[in-house]
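Report on the structure given below.
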Amino acid sequence: MKYLLTTLVAFALSTSAFAQEIAGKYDLEGANPGGTGRYVGDVTVAATGDTYQVLWQIGNQKQEGTGILIGNTFAVSYRQGNAAGIAVFERGTDGTLTGAWAPIGSSAMGIEIWKPDAGM
C-alpha cells in the first residue's frame, strides 16, 4: 500500500510539472482525413484543473475542445458547431505535439503537428 501511494504521488507530481509545460500557444500544420487538403493555424492550450481547454483557429474557423494529459499522451475531444471528434497527440522532447484526429463516424484520420509558438 505504501508503494502504491508513493507511486501515485510521484505520478501526480510529474503530471503536474508536465501540465505546466503543455499549456501555451502552438503553430499547427495539418492534413484532412484521406489527404483531402492541408491547412495551417494556431492552437491555444490552457490548464483548467485536471483538464485543458483547447482552442483551434484555422483561417476564420474556430474549434474548441477538452483535453486530458497522461504521461506524454494528450487526448482531446473537440467540436465545431454540430460536428465533433477526437484527437490524440504524443509530445516530443522539443515540445512538439504530433498526432491524428477523426470526426465522429469517419473511416479516415487526419494529422496535425503542433509546434510551440516562438513567443511562448
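Each chain of the C-alpha cells is named A, B, ... in the order shown, its residues numbered from 1; ligands are numbered from 1 in display order.
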Selection: 10 Å around Pro33 in chain A, only C-alpha atoms, excl. self and same-chain fewer than 5 positions, as a compact mmCIF listing (two decimals) with C-alpha atoms, in the first residue's frame:
# COMPACT_ATOMS: atom_id res chain seq x y z
CA ARG A 38 -3.73 20.79 -45.98
CA ALA A 100 -4.03 12.15 -35.53
CA TRP A 101 -7.66 13.17 -35.44
CA ALA A 102 -11.00 11.96 -36.75
CA PRO A 103 -14.55 13.28 -36.76
CA SER A 106 -15.21 8.94 -40.03
CA SER A 107 -13.36 5.96 -41.53
CA ALA A 108 -10.18 8.02 -42.11
CA MET A 109 -7.83 10.07 -39.92
CA GLY A 110 -6.29 13.49 -40.40
CA ILE A 111 -2.95 14.53 -38.95
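Residues in contact with Asp27 in chain A at up to 8 Å, not including ones fewer than 4 positions away on its chain and judged by only C-alpha atoms, are Val40, Gly41, Asp42, Val43, Trp114, Lys115, Pro116 and Asp117 of chain A.
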Selected residues, N, CA and C atoms, written as a PDB file, in the first residue's frame, please.
ATOM      1  N   VAL A  40      -3.140  25.365 -42.139  1.00  0.00           N
ATOM      2  CA  VAL A  40      -2.289  25.888 -41.074  1.00  0.00           C
ATOM      3  C   VAL A  40      -3.161  26.735 -40.155  1.00  0.00           C
ATOM      4  N   GLY A  41      -2.693  26.956 -38.943  1.00  0.00           N
ATOM      5  CA  GLY A  41      -3.420  27.764 -37.981  1.00  0.00           C
ATOM      6  C   GLY A  41      -2.669  27.830 -36.678  1.00  0.00           C
ATOM      7  N   ASP A  42      -3.406  28.102 -35.609  1.00  0.00           N
ATOM      8  CA  ASP A  42      -2.781  28.061 -34.293  1.00  0.00           C
ATOM      9  C   ASP A  42      -3.726  27.444 -33.281  1.00  0.00           C
ATOM     10  N   VAL A  43      -3.127  26.987 -32.183  1.00  0.00           N
ATOM     11  CA  VAL A  43      -3.855  26.306 -31.113  1.00  0.00           C
ATOM     12  C   VAL A  43      -3.415  26.919 -29.793  1.00  0.00           C
ATOM     13  N   TRP A 114       1.725  20.239 -33.911  1.00  0.00           N
ATOM     14  CA  TRP A 114       1.707  21.492 -33.172  1.00  0.00           C
ATOM     15  C   TRP A 114       3.127  21.811 -32.734  1.00  0.00           C
ATOM     16  N   LYS A 115       3.638  22.950 -33.136  1.00  0.00           N
ATOM     17  CA  LYS A 115       4.977  23.387 -32.730  1.00  0.00           C
ATOM     18  C   LYS A 115       4.819  24.564 -31.775  1.00  0.00           C
ATOM     19  N   PRO A 116       5.542  24.549 -30.653  1.00  0.00           N
ATOM     20  CA  PRO A 116       5.422  25.663 -29.708  1.00  0.00           C
ATOM     21  C   PRO A 116       5.672  26.991 -30.411  1.00  0.00           C
ATOM     22  N   ASP A 117       4.808  27.962 -30.151  1.00  0.00           N
ATOM     23  CA  ASP A 117       4.944  29.301 -30.715  1.00  0.00           C
ATOM     24  C   ASP A 117       6.243  29.908 -30.172  1.00  0.00           C
TER      25      ASP A 117
END
Just list as number ranges by chain whatever in chain A DSSP marks as strand (DSSP E). A: 24-31, 38-48, 51-58, 61-70, 73-80, 83-91, 97-103, 110-116
Preceding selection exported with C-alpha atoms as a PDB file, in the first residue's frame:
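Result file is again33.pdb:
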ATOM      1  CA  GLY A  24       0.569  27.655 -24.200  1.00  0.00           C
ATOM      2  CA  LYS A  25       0.237  28.621 -27.831  1.00  0.00           C
ATOM      3  CA  TYR A  26       1.205  26.426 -30.808  1.00  0.00           C
ATOM      4  CA  ASP A  27       1.538  26.887 -34.554  1.00  0.00           C
ATOM      5  CA  LEU A  28      -0.146  23.998 -36.333  1.00  0.00           C
ATOM      6  CA  GLU A  29       0.090  22.291 -39.683  1.00  0.00           C
ATOM      7  CA  GLY A  30      -2.408  19.622 -40.631  1.00  0.00           C
ATOM      8  CA  ALA A  31      -3.972  17.464 -43.295  1.00  0.00           C
ATOM      9  CA  ARG A  38      -3.732  20.793 -45.976  1.00  0.00           C
ATOM     10  CA  TYR A  39      -4.152  23.690 -43.569  1.00  0.00           C
ATOM     11  CA  VAL A  40      -2.289  25.888 -41.074  1.00  0.00           C
ATOM     12  CA  GLY A  41      -3.420  27.764 -37.981  1.00  0.00           C
ATOM     13  CA  ASP A  42      -2.781  28.061 -34.293  1.00  0.00           C
ATOM     14  CA  VAL A  43      -3.855  26.306 -31.113  1.00  0.00           C
ATOM     15  CA  THR A  44      -4.058  27.585 -27.565  1.00  0.00           C
ATOM     16  CA  VAL A  45      -3.980  25.143 -24.636  1.00  0.00           C
ATOM     17  CA  ALA A  46      -4.981  26.352 -21.157  1.00  0.00           C
ATOM     18  CA  ALA A  47      -4.974  24.330 -17.923  1.00  0.00           C
ATOM     19  CA  THR A  48      -8.430  24.147 -16.309  1.00  0.00           C
ATOM     20  CA  THR A  51      -8.291  19.021 -17.889  1.00  0.00           C
ATOM     21  CA  TYR A  52      -7.321  21.521 -20.569  1.00  0.00           C
ATOM     22  CA  GLN A  53      -9.260  23.919 -22.730  1.00  0.00           C
ATOM     23  CA  VAL A  54      -8.067  23.654 -26.340  1.00  0.00           C
ATOM     24  CA  LEU A  55      -8.926  26.342 -28.896  1.00  0.00           C
ATOM     25  CA  TRP A  56      -8.058  25.985 -32.594  1.00  0.00           C
ATOM     26  CA  GLN A  57      -8.043  28.923 -35.023  1.00  0.00           C
ATOM     27  CA  ILE A  58      -7.763  27.779 -38.648  1.00  0.00           C
ATOM     28  CA  GLN A  61     -12.914  28.715 -38.375  1.00  0.00           C
ATOM     29  CA  LYS A  62     -12.769  28.119 -34.632  1.00  0.00           C
ATOM     30  CA  GLN A  63     -12.929  24.804 -32.834  1.00  0.00           C
ATOM     31  CA  GLU A  64     -12.926  24.099 -29.138  1.00  0.00           C
ATOM     32  CA  GLY A  65     -12.140  21.015 -27.144  1.00  0.00           C
ATOM     33  CA  THR A  66     -11.343  19.467 -23.806  1.00  0.00           C
ATOM     34  CA  GLY A  67      -8.094  17.597 -23.330  1.00  0.00           C
ATOM     35  CA  ILE A  68      -6.585  15.202 -20.820  1.00  0.00           C
ATOM     36  CA  LEU A  69      -2.899  14.514 -20.366  1.00  0.00           C
ATOM     37  CA  ILE A  70      -1.487  11.140 -19.327  1.00  0.00           C
ATOM     38  CA  THR A  73      -0.099  11.477 -24.492  1.00  0.00           C
ATOM     39  CA  PHE A  74      -2.571  14.334 -24.920  1.00  0.00           C
ATOM     40  CA  ALA A  75      -6.118  13.301 -25.912  1.00  0.00           C
ATOM     41  CA  VAL A  76      -8.687  15.911 -26.951  1.00  0.00           C
ATOM     42  CA  SER A  77     -12.381  15.700 -27.742  1.00  0.00           C
ATOM     43  CA  TYR A  78     -13.403  18.604 -29.954  1.00  0.00           C
ATOM     44  CA  ARG A  79     -16.381  20.212 -31.603  1.00  0.00           C
ATOM     45  CA  GLN A  80     -17.088  22.756 -34.278  1.00  0.00           C
ATOM     46  CA  ALA A  83     -19.559  18.285 -35.616  1.00  0.00           C
ATOM     47  CA  ALA A  84     -17.402  16.522 -33.019  1.00  0.00           C
ATOM     48  CA  GLY A  85     -14.423  14.199 -32.914  1.00  0.00           C
ATOM     49  CA  ILE A  86     -11.274  13.085 -31.140  1.00  0.00           C
ATOM     50  CA  ALA A  87      -7.580  13.857 -31.483  1.00  0.00           C
ATOM     51  CA  VAL A  88      -4.609  12.104 -29.838  1.00  0.00           C
ATOM     52  CA  PHE A  89      -1.095  13.566 -29.666  1.00  0.00           C
ATOM     53  CA  GLU A  90       2.330  12.462 -28.454  1.00  0.00           C
ATOM     54  CA  ARG A  91       4.670  15.131 -27.096  1.00  0.00           C
ATOM     55  CA  LEU A  97       2.885  17.565 -30.396  1.00  0.00           C
ATOM     56  CA  THR A  98       2.302  15.124 -33.263  1.00  0.00           C
ATOM     57  CA  GLY A  99      -0.990  13.341 -33.674  1.00  0.00           C
ATOM     58  CA  ALA A 100      -4.025  12.155 -35.534  1.00  0.00           C
ATOM     59  CA  TRP A 101      -7.665  13.172 -35.440  1.00  0.00           C
ATOM     60  CA  ALA A 102     -11.002  11.958 -36.751  1.00  0.00           C
ATOM     61  CA  PRO A 103     -14.553  13.282 -36.757  1.00  0.00           C
ATOM     62  CA  GLY A 110      -6.290  13.493 -40.399  1.00  0.00           C
ATOM     63  CA  ILE A 111      -2.947  14.534 -38.951  1.00  0.00           C
ATOM     64  CA  GLU A 112      -1.726  17.581 -37.071  1.00  0.00           C
ATOM     65  CA  ILE A 113       1.652  18.798 -35.859  1.00  0.00           C
ATOM     66  CA  TRP A 114       1.707  21.492 -33.172  1.00  0.00           C
ATOM     67  CA  LYS A 115       4.977  23.387 -32.730  1.00  0.00           C
ATOM     68  CA  PRO A 116       5.422  25.663 -29.708  1.00  0.00           C
TER      69      PRO A 116
END
Using Å and a single decimal, report how far CA of Gly49 in chain A sits from CA of Asn82 in chain A. 25.9 Å
